[in-house]
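Listing of protein_5.txt; format and content: compact mmCIF, C-alpha atoms and all ligand atoms.
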# COMPACT_ATOMS: atom_id res chain seq x y z
CA MET A 1 -22.26 53.58 3.44
CA ILE A 2 -21.88 53.68 7.19
CA LEU A 3 -24.41 50.86 7.54
CA VAL A 4 -22.32 48.63 5.27
CA TRP A 5 -19.27 49.44 7.35
CA ILE A 6 -21.09 48.55 10.62
CA ASN A 7 -22.43 45.35 9.03
CA ASP A 8 -18.89 44.30 8.00
CA ILE A 9 -17.63 44.84 11.54
CA TYR A 10 -20.56 42.87 12.96
CA GLU A 11 -19.90 39.95 10.58
CA GLY A 12 -16.18 39.98 11.41
CA VAL A 13 -16.85 39.87 15.16
CA THR A 14 -19.46 37.07 14.93
CA THR A 15 -17.17 34.97 12.69
CA PHE A 16 -14.30 35.46 15.13
CA VAL A 17 -16.49 34.48 18.12
CA THR A 18 -17.80 31.37 16.30
CA GLY A 19 -14.23 30.26 15.45
CA MET A 20 -13.00 30.86 18.99
CA ARG A 21 -15.95 28.96 20.43
CA THR A 22 -15.04 25.88 18.32
CA THR A 23 -11.37 26.19 19.32
CA ALA A 24 -12.29 26.53 23.00
CA HIS A 25 -14.55 23.48 22.77
CA TYR A 26 -11.71 21.25 21.46
CA PHE A 27 -9.23 22.86 23.83
CA VAL A 28 -11.35 21.94 26.87
CA GLU A 29 -12.00 18.42 25.50
CA ASN A 30 -8.29 17.84 25.05
CA LEU A 31 -7.47 19.23 28.48
CA ARG A 32 -9.90 16.73 29.95
CA ASP A 33 -8.32 14.00 27.78
CA ARG A 34 -11.71 13.19 26.36
CA GLY A 35 -10.66 13.87 22.81
CA GLY A 36 -11.23 10.44 21.23
CA ALA A 37 -12.48 10.83 17.70
CA THR A 38 -12.92 14.55 18.02
CA ALA A 39 -9.41 15.37 19.21
CA VAL A 40 -7.63 17.72 16.87
CA THR A 41 -4.09 16.79 17.81
CA ARG A 42 -2.69 13.50 19.05
CA GLU A 43 0.91 12.81 19.88
CA TYR A 44 1.48 10.08 17.31
CA PRO A 45 3.01 7.49 17.59
CA GLU A 46 2.89 7.62 21.41
CA GLN A 47 -0.85 8.19 21.15
CA PRO A 48 -2.10 6.04 18.26
CA ALA A 49 -5.45 6.94 16.79
CA GLU A 50 -8.42 5.45 18.62
CA VAL A 51 -10.89 5.91 15.82
CA VAL A 52 -10.08 5.83 12.12
CA GLY A 53 -12.69 6.71 9.53
CA GLU A 54 -14.13 3.71 7.73
CA ARG A 55 -13.33 5.21 4.35
CA SER A 56 -9.70 5.93 5.16
CA ARG A 57 -7.16 4.36 2.79
CA GLY A 58 -4.58 3.32 5.32
CA HIS A 59 -2.82 0.51 3.53
CA LEU A 60 -3.29 -1.52 0.43
CA VAL A 61 -3.88 -5.19 1.19
CA ASN A 62 -3.77 -8.06 -1.22
CA ASP A 63 -5.39 -11.40 -0.51
CA ALA A 64 -3.24 -12.98 -3.20
CA ASP A 65 -4.94 -16.38 -2.98
CA ARG A 66 -7.98 -14.80 -4.66
CA CYS A 67 -5.96 -13.23 -7.44
CA ILE A 68 -6.54 -14.53 -10.97
CA VAL A 69 -3.59 -12.59 -12.45
CA CYS A 70 -5.81 -10.61 -14.80
CA HIS A 71 -3.44 -7.59 -14.65
CA ALA A 72 -6.39 -5.18 -14.36
CA CYS A 73 -4.79 -3.54 -11.32
CA ASP A 74 -1.45 -3.36 -13.10
CA LYS A 75 -3.04 -1.51 -16.01
CA ALA A 76 -5.03 0.83 -13.75
CA CYS A 77 -2.11 1.81 -11.52
CA PRO A 78 -0.87 5.28 -12.51
CA VAL A 79 2.56 4.80 -10.92
CA ASP A 80 3.40 1.23 -11.90
CA CYS A 81 3.42 -0.36 -8.44
CA PHE A 82 2.76 -3.97 -9.37
CA THR A 83 5.04 -6.84 -10.28
CA MET A 84 3.28 -10.16 -10.74
CA ASP A 85 3.72 -13.56 -12.30
CA GLY A 86 1.17 -16.31 -12.78
CA GLU A 87 1.20 -20.09 -12.78
CA ARG A 88 -1.40 -22.82 -13.31
CA ASP A 89 -2.50 -24.78 -10.25
CA ALA A 90 -3.55 -28.45 -10.13
CA ASN A 91 -7.03 -27.45 -11.41
CA ASN A 92 -5.50 -25.53 -14.30
CA LYS A 93 -6.59 -22.25 -12.70
CA LEU A 94 -4.30 -19.27 -13.00
CA ARG A 95 -2.96 -18.03 -9.67
CA ALA A 96 -0.30 -15.55 -8.60
CA SER A 97 3.10 -17.12 -8.13
CA ARG A 98 4.44 -13.71 -7.29
CA PHE A 99 2.54 -10.57 -6.40
CA ASP A 100 4.47 -7.54 -5.22
CA ILE A 101 3.28 -4.04 -4.59
CA ASP A 102 5.88 -1.33 -4.23
CA LEU A 103 4.41 0.76 -1.44
CA SER A 104 7.18 3.30 -1.83
CA LYS A 105 5.50 4.32 -5.08
CA CYS A 106 1.85 3.88 -4.11
CA ILE A 107 -0.20 7.07 -3.87
CA TYR A 108 -3.20 5.24 -2.37
CA CYS A 109 -5.50 6.36 -5.13
CA GLY A 110 -7.52 3.16 -4.80
CA LEU A 111 -7.90 2.66 -8.57
CA CYS A 112 -6.53 -0.88 -8.39
CA VAL A 113 -9.08 -1.77 -5.70
CA ARG A 114 -11.92 -0.52 -7.87
CA VAL A 115 -10.95 -2.55 -10.91
CA CYS A 116 -10.09 -5.82 -9.14
CA PRO A 117 -12.78 -8.32 -10.23
CA THR A 118 -12.16 -10.76 -7.36
CA ASP A 119 -11.88 -8.28 -4.46
CA SER A 120 -8.38 -9.55 -3.97
CA LEU A 121 -7.20 -5.99 -3.36
CA SER A 122 -8.61 -3.78 -0.64
CA MET A 123 -7.66 -0.91 1.61
CA THR A 124 -7.40 -1.33 5.36
CA THR A 125 -7.77 1.36 7.98
CA SER A 126 -4.34 0.40 9.29
CA PHE A 127 -1.90 3.23 8.80
CA GLU A 128 1.08 2.60 11.07
CA VAL A 129 3.92 4.19 9.13
CA ASP A 130 6.32 5.09 11.88
CA PRO A 131 9.41 6.67 10.27
CA HIS A 132 11.43 5.91 13.41
CA GLN A 133 11.20 2.23 12.44
CA ALA A 134 12.97 2.84 9.14
CA GLU A 135 14.81 -0.48 9.26
CA LEU A 136 11.51 -2.28 8.96
CA GLY A 137 11.36 -1.13 5.38
CA ARG A 138 13.46 -4.07 4.31
CA PHE A 139 11.20 -6.68 5.85
CA LEU A 140 8.64 -8.32 3.68
CA PHE A 141 5.36 -9.41 5.11
CA ARG A 142 2.72 -11.92 4.20
CA ARG A 143 -0.12 -10.00 2.69
CA SER A 144 -2.78 -12.58 3.36
CA THR A 145 -2.31 -12.24 7.12
CA PRO A 146 -3.73 -9.42 9.18
CA GLN A 147 -0.20 -8.40 10.05
CA LEU A 148 -0.68 -4.83 8.98
CA ASP A 149 -3.65 -4.47 11.26
CA GLN A 150 -1.44 -5.21 14.26
CA ARG A 151 0.76 -2.76 15.99
CA LEU A 152 4.34 -4.00 16.20
CA ASP A 153 5.77 -2.81 19.49
CA ALA A 154 9.47 -2.42 20.18
CA PRO A 155 10.09 -5.95 21.58
CA GLU A 156 8.38 -7.54 18.57
CA ILE A 157 10.38 -5.40 16.19
CA GLU A 158 13.58 -6.45 17.92
CA ARG A 159 12.55 -10.11 17.72
CA LEU A 160 11.66 -9.76 14.06
CA ARG A 161 14.97 -8.15 13.29
CA ALA A 162 16.96 -10.77 15.22
CA LEU A 163 15.13 -13.76 13.73
CA ALA A 164 15.23 -12.42 10.19
CA ASN A 165 18.99 -12.11 10.46
CA THR A 166 19.48 -15.63 11.84
CA PRO A 167 20.05 -18.56 9.44
CA ARG A 168 16.79 -20.43 9.07
CA GLU A 169 18.29 -23.77 10.10
CA ALA A 170 19.38 -22.25 13.41
CA LEU A 171 15.86 -21.16 14.37
CA SER A 172 13.75 -23.10 16.85
CA THR A 173 10.37 -24.38 15.63
CA VAL A 174 8.58 -21.75 17.70
CA ASP A 175 10.71 -18.92 16.31
CA ARG A 176 10.39 -20.23 12.76
CA ASP A 177 6.61 -20.41 13.02
CA TRP A 178 6.47 -16.92 14.53
CA LEU A 179 8.63 -15.55 11.73
CA ASP A 180 6.79 -17.42 8.97
CA ALA A 181 3.52 -15.94 10.17
CA ARG A 182 4.95 -12.54 9.31
CA ILE A 183 7.56 -12.95 6.59
CA ASP A 184 7.04 -15.20 3.63
CA PRO A 185 10.08 -17.48 3.34
CA MET A 186 9.20 -18.43 -0.23
CA GLY A 187 9.29 -14.84 -1.42
CA ARG A 188 5.72 -14.98 -2.70
CA HIS A 189 2.91 -12.50 -2.22
CA LEU A 190 5.17 -10.03 -0.57
CA ILE A 191 4.94 -6.34 -0.05
CA GLY A 192 7.18 -3.73 1.46
CA VAL A 193 5.80 -2.16 4.56
CA PHE A 194 5.90 1.37 5.89
CA GLY A 195 6.27 2.76 2.40
CA LEU A 196 10.04 2.46 2.48
CA GLY A 197 10.41 0.11 -0.41
CA TYR A 198 10.07 -3.55 -1.08
CA PHE A 199 12.69 -6.25 -1.22
CA THR A 200 16.30 -5.45 -0.51
CA PRO A 201 17.65 -2.56 -2.59
CA GLU A 202 19.34 -5.09 -4.92
CA GLN A 203 16.13 -7.06 -5.46
CA LYS A 204 14.19 -3.87 -6.02
CA ALA A 205 16.73 -2.67 -8.59
CA ALA A 206 16.49 -6.04 -10.36
CA ALA A 207 12.67 -5.89 -10.39
CA ASP A 208 12.75 -2.34 -11.75
CA ALA A 209 15.28 -3.32 -14.44
CA GLU A 210 13.10 -6.29 -15.42
CA ARG A 211 10.07 -4.03 -15.71
CA GLU A 212 11.96 -1.48 -17.79
CA ALA A 213 13.27 -4.20 -20.12
CA LYS A 214 9.72 -5.49 -20.61
CA LYS A 215 8.49 -1.98 -21.38
CA LYS A 216 11.25 -1.41 -23.93
CA ALA A 217 10.60 -4.76 -25.61
CA LYS A 218 6.89 -3.90 -25.82
CA ALA A 219 7.62 -0.45 -27.25
CA ALA A 220 10.05 -1.94 -29.80
CA GLN A 221 7.41 -4.48 -30.82
CA LYS A 222 4.88 -1.70 -31.36
CA SER A 223 7.26 0.40 -33.44
CA GLU A 224 8.09 -2.49 -35.82
CA PRO A 225 6.62 -1.79 -39.29
CA ARG A 226 3.51 -3.82 -40.00
CA PRO A 227 3.50 -5.99 -43.13
CA ASP A 228 1.83 -4.27 -46.05
CA PRO A 229 -1.50 -6.02 -46.77
CA GLY A 230 -0.99 -5.26 -50.49
CA GLU A 231 2.25 -7.27 -50.49
CA LYS A 232 0.46 -10.28 -49.08
CA GLN A 233 -2.16 -10.18 -51.79
CA GLU A 234 0.53 -10.10 -54.45
CA GLN A 235 2.12 -13.25 -53.04
CA LYS A 236 -1.11 -15.20 -53.51
CA PRO A 237 -1.09 -17.49 -56.56
S1 LIG A 301 -3.64 2.51 -4.81
FE1 LIG A 301 -1.41 2.40 -5.16
S2 LIG A 301 -1.10 0.43 -6.17
FE2 LIG A 301 -3.30 0.90 -6.34
S3 LIG A 301 -3.53 1.96 -8.33
FE3 LIG A 301 -3.24 3.54 -6.77
S4 LIG A 301 -1.03 3.93 -6.76
FE4 LIG A 301 -1.33 1.97 -7.79
S1 LIG A 302 -7.03 -6.92 -10.52
FE1 LIG A 302 -7.26 -8.31 -8.75
S2 LIG A 302 -7.43 -10.35 -9.68
FE2 LIG A 302 -6.59 -8.98 -11.26
S3 LIG A 302 -4.35 -9.19 -11.09
FE3 LIG A 302 -4.96 -7.45 -9.80
S4 LIG A 302 -5.26 -8.33 -7.76
FE4 LIG A 302 -5.26 -10.03 -9.18
Go through the file and emit its structure as structure tokens.
Amino acid sequence: MILVWINDIYEGVTTFVTGMRTTAHYFVENLRDRGGATAVTREYPEQPAEVVGERSRGHLVNDADRCIVCHACDKACPVDCFTMDGERDANNKLRASRFDIDLSKCIYCGLCVRVCPTDSLSMTTSFEVDPHQAELGRFLFRRSTPQLDQRLDAPEIERLRALANTPREALSTVDRDWLDARIDPMGRHLIGVFGLGYFTPEQKAAADAEREAKKKAKAAQKSEPRPDPGEKQEQKP
């Protein structure tokens, strides 16, 4: 009995020492500012991550030009993030005329990426979701550009905000090109950024209403009584 008691104390002390040794190791590393990948705490966003795991699901990216509008992602998504429309191109191939992902709903499960047959969808390691930049939520970005892999610093955010609020005709060619590289003026292949929603609130409400109406129409179609096969046979001469 007493041996068990001594053994328990011994195990408790060794576990405590092992834990404290690990803590001390990271503490000294951080004091020397040599944390890098092993740092436990970083003062985000002032200290952005230096190393992000390859398998991290930072942001969902859509290279919409590769999309064949098969709706596989739409069906796989558990929270109904996608809104898409298709059109035929000059070669009669189906392509996305509109492809929106509502990041405010996305739970980054990655199911859509797994089912996409053309690798149009993928996850990046980019994860900048700075809540202090809440106003950025209303900007819509081109998804086929590496925009989300860039860090937007304060001056760029200010420029983006100013240009986006200026009538397009009043912009210089340089400003227009800069803006077009980030925001799609045609409203195609867009996505909300920073998880704060996509489109303006009015556009989002309209997209949600459209989706709901489609769902209801589909449900109503399913609940319609099917014609009795017996009746058909009777009609035959
Ligand atoms: S990662 Fe987001 S968009 Fe894709 S299936 Fe999951 S919730 Fe839907
Ligand atoms: S699964 Fe891929 S190809 Fe199909 S609609 Fe979605 S993004 Fe486009």
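The space separating CA of Ile68 in chain A from CA of Ser120 in chain A comes to 8.8 Å.
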- For His59 in chain A, the nearest of the candidates A:Gly12, A:Asp74, A:Cys106, A:Asp100, counting only C-alpha atoms: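 With only C-alpha atoms as the atom set, the closest residue is A:Cys106.
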- Looking at A:Val61, A:Ile2, A:Leu94, A:Met20, which one is nearest to ligand LIG 301 (chain A), with distances taken over only C-alpha atoms and all ligand atoms?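 Of the candidates, the smallest distance to ligand LIG 301 (chain A) is held by A:Val61.
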Check which residues fall inside 7 Å of ligand LIG 301 (chain A) when counting all atoms listed in the file, and print them as a PDB file with C-alpha atoms, in the coordinates of the input.
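Result written to pocket-v8.pdb:
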ATOM      1  CA  LEU A  60      -3.290  -1.520   0.430  1.00  0.00           C
ATOM      2  CA  CYS A  73      -4.790  -3.540 -11.320  1.00  0.00           C
ATOM      3  CA  ALA A  76      -5.030   0.830 -13.750  1.00  0.00           C
ATOM      4  CA  CYS A  77      -2.110   1.810 -11.520  1.00  0.00           C
ATOM      5  CA  PRO A  78      -0.870   5.280 -12.510  1.00  0.00           C
ATOM      6  CA  VAL A  79       2.560   4.800 -10.920  1.00  0.00           C
ATOM      7  CA  ASP A  80       3.400   1.230 -11.900  1.00  0.00           C
ATOM      8  CA  CYS A  81       3.420  -0.360  -8.440  1.00  0.00           C
ATOM      9  CA  PHE A  82       2.760  -3.970  -9.370  1.00  0.00           C
ATOM     10  CA  ILE A 101       3.280  -4.040  -4.590  1.00  0.00           C
ATOM     11  CA  LYS A 105       5.500   4.320  -5.080  1.00  0.00           C
ATOM     12  CA  CYS A 106       1.850   3.880  -4.110  1.00  0.00           C
ATOM     13  CA  ILE A 107      -0.200   7.070  -3.870  1.00  0.00           C
ATOM     14  CA  TYR A 108      -3.200   5.240  -2.370  1.00  0.00           C
ATOM     15  CA  CYS A 109      -5.500   6.360  -5.130  1.00  0.00           C
ATOM     16  CA  GLY A 110      -7.520   3.160  -4.800  1.00  0.00           C
ATOM     17  CA  LEU A 111      -7.900   2.660  -8.570  1.00  0.00           C
ATOM     18  CA  CYS A 112      -6.530  -0.880  -8.390  1.00  0.00           C
ATOM     19  CA  VAL A 113      -9.080  -1.770  -5.700  1.00  0.00           C
TER      20      VAL A 113
END
- Item | Distance filter 8 Å around ligand LIG 302 (chain A), atoms: all atoms listed in the file, out as a PyMOL selection string | chain A and resi 62-64+66-74+84+96+112-113+115-121
Just-selected residues, C-alpha atoms written as an mmCIF file, in the frame of the given file:
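Output (again16.cif):
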data_model
loop_
_atom_site.group_PDB
_atom_site.id
_atom_site.type_symbol
_atom_site.label_atom_id
_atom_site.label_comp_id
_atom_site.auth_asym_id
_atom_site.auth_seq_id
_atom_site.Cartn_x
_atom_site.Cartn_y
_atom_site.Cartn_z
ATOM 1 C CA ASN A 62 -3.770 -8.060 -1.220
ATOM 2 C CA ASP A 63 -5.390 -11.400 -0.510
ATOM 3 C CA ALA A 64 -3.240 -12.980 -3.200
ATOM 4 C CA ARG A 66 -7.980 -14.800 -4.660
ATOM 5 C CA CYS A 67 -5.960 -13.230 -7.440
ATOM 6 C CA ILE A 68 -6.540 -14.530 -10.970
ATOM 7 C CA VAL A 69 -3.590 -12.590 -12.450
ATOM 8 C CA CYS A 70 -5.810 -10.610 -14.800
ATOM 9 C CA HIS A 71 -3.440 -7.590 -14.650
ATOM 10 C CA ALA A 72 -6.390 -5.180 -14.360
ATOM 11 C CA CYS A 73 -4.790 -3.540 -11.320
ATOM 12 C CA ASP A 74 -1.450 -3.360 -13.100
ATOM 13 C CA MET A 84 3.280 -10.160 -10.740
ATOM 14 C CA ALA A 96 -0.300 -15.550 -8.600
ATOM 15 C CA CYS A 112 -6.530 -0.880 -8.390
ATOM 16 C CA VAL A 113 -9.080 -1.770 -5.700
ATOM 17 C CA VAL A 115 -10.950 -2.550 -10.910
ATOM 18 C CA CYS A 116 -10.090 -5.820 -9.140
ATOM 19 C CA PRO A 117 -12.780 -8.320 -10.230
ATOM 20 C CA THR A 118 -12.160 -10.760 -7.360
ATOM 21 C CA ASP A 119 -11.880 -8.280 -4.460
ATOM 22 C CA SER A 120 -8.380 -9.550 -3.970
ATOM 23 C CA LEU A 121 -7.200 -5.990 -3.360
#
- What is the distance, in Å and to one decimal place, between CA of His25 in chain A and CA of Val13 in chain A?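 Straight-line distance from CA of His25 in chain A to CA of Val13 in chain A works out to 18.2 Å.
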- Task: Could you tell me which of A:Ile9, A:Leu179, A:Leu171, A:Ala209 comes closest to Arg159 in chain A if we count all atoms listed in the file?
- Result: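 Comparing A:Ile9, A:Leu179, A:Leu171, A:Ala209 against Arg159 in chain A, the winner is A:Leu179.
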- Query: With only C-alpha atoms as the basis for distance, which of A:Leu160, A:Ala170, A:Met123, A:Ala24 is at the shortest distance from Arg57 in chain A?
  - Reply: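 Using only C-alpha atoms, the shortest distance to Arg57 in chain A belongs to A:Met123.
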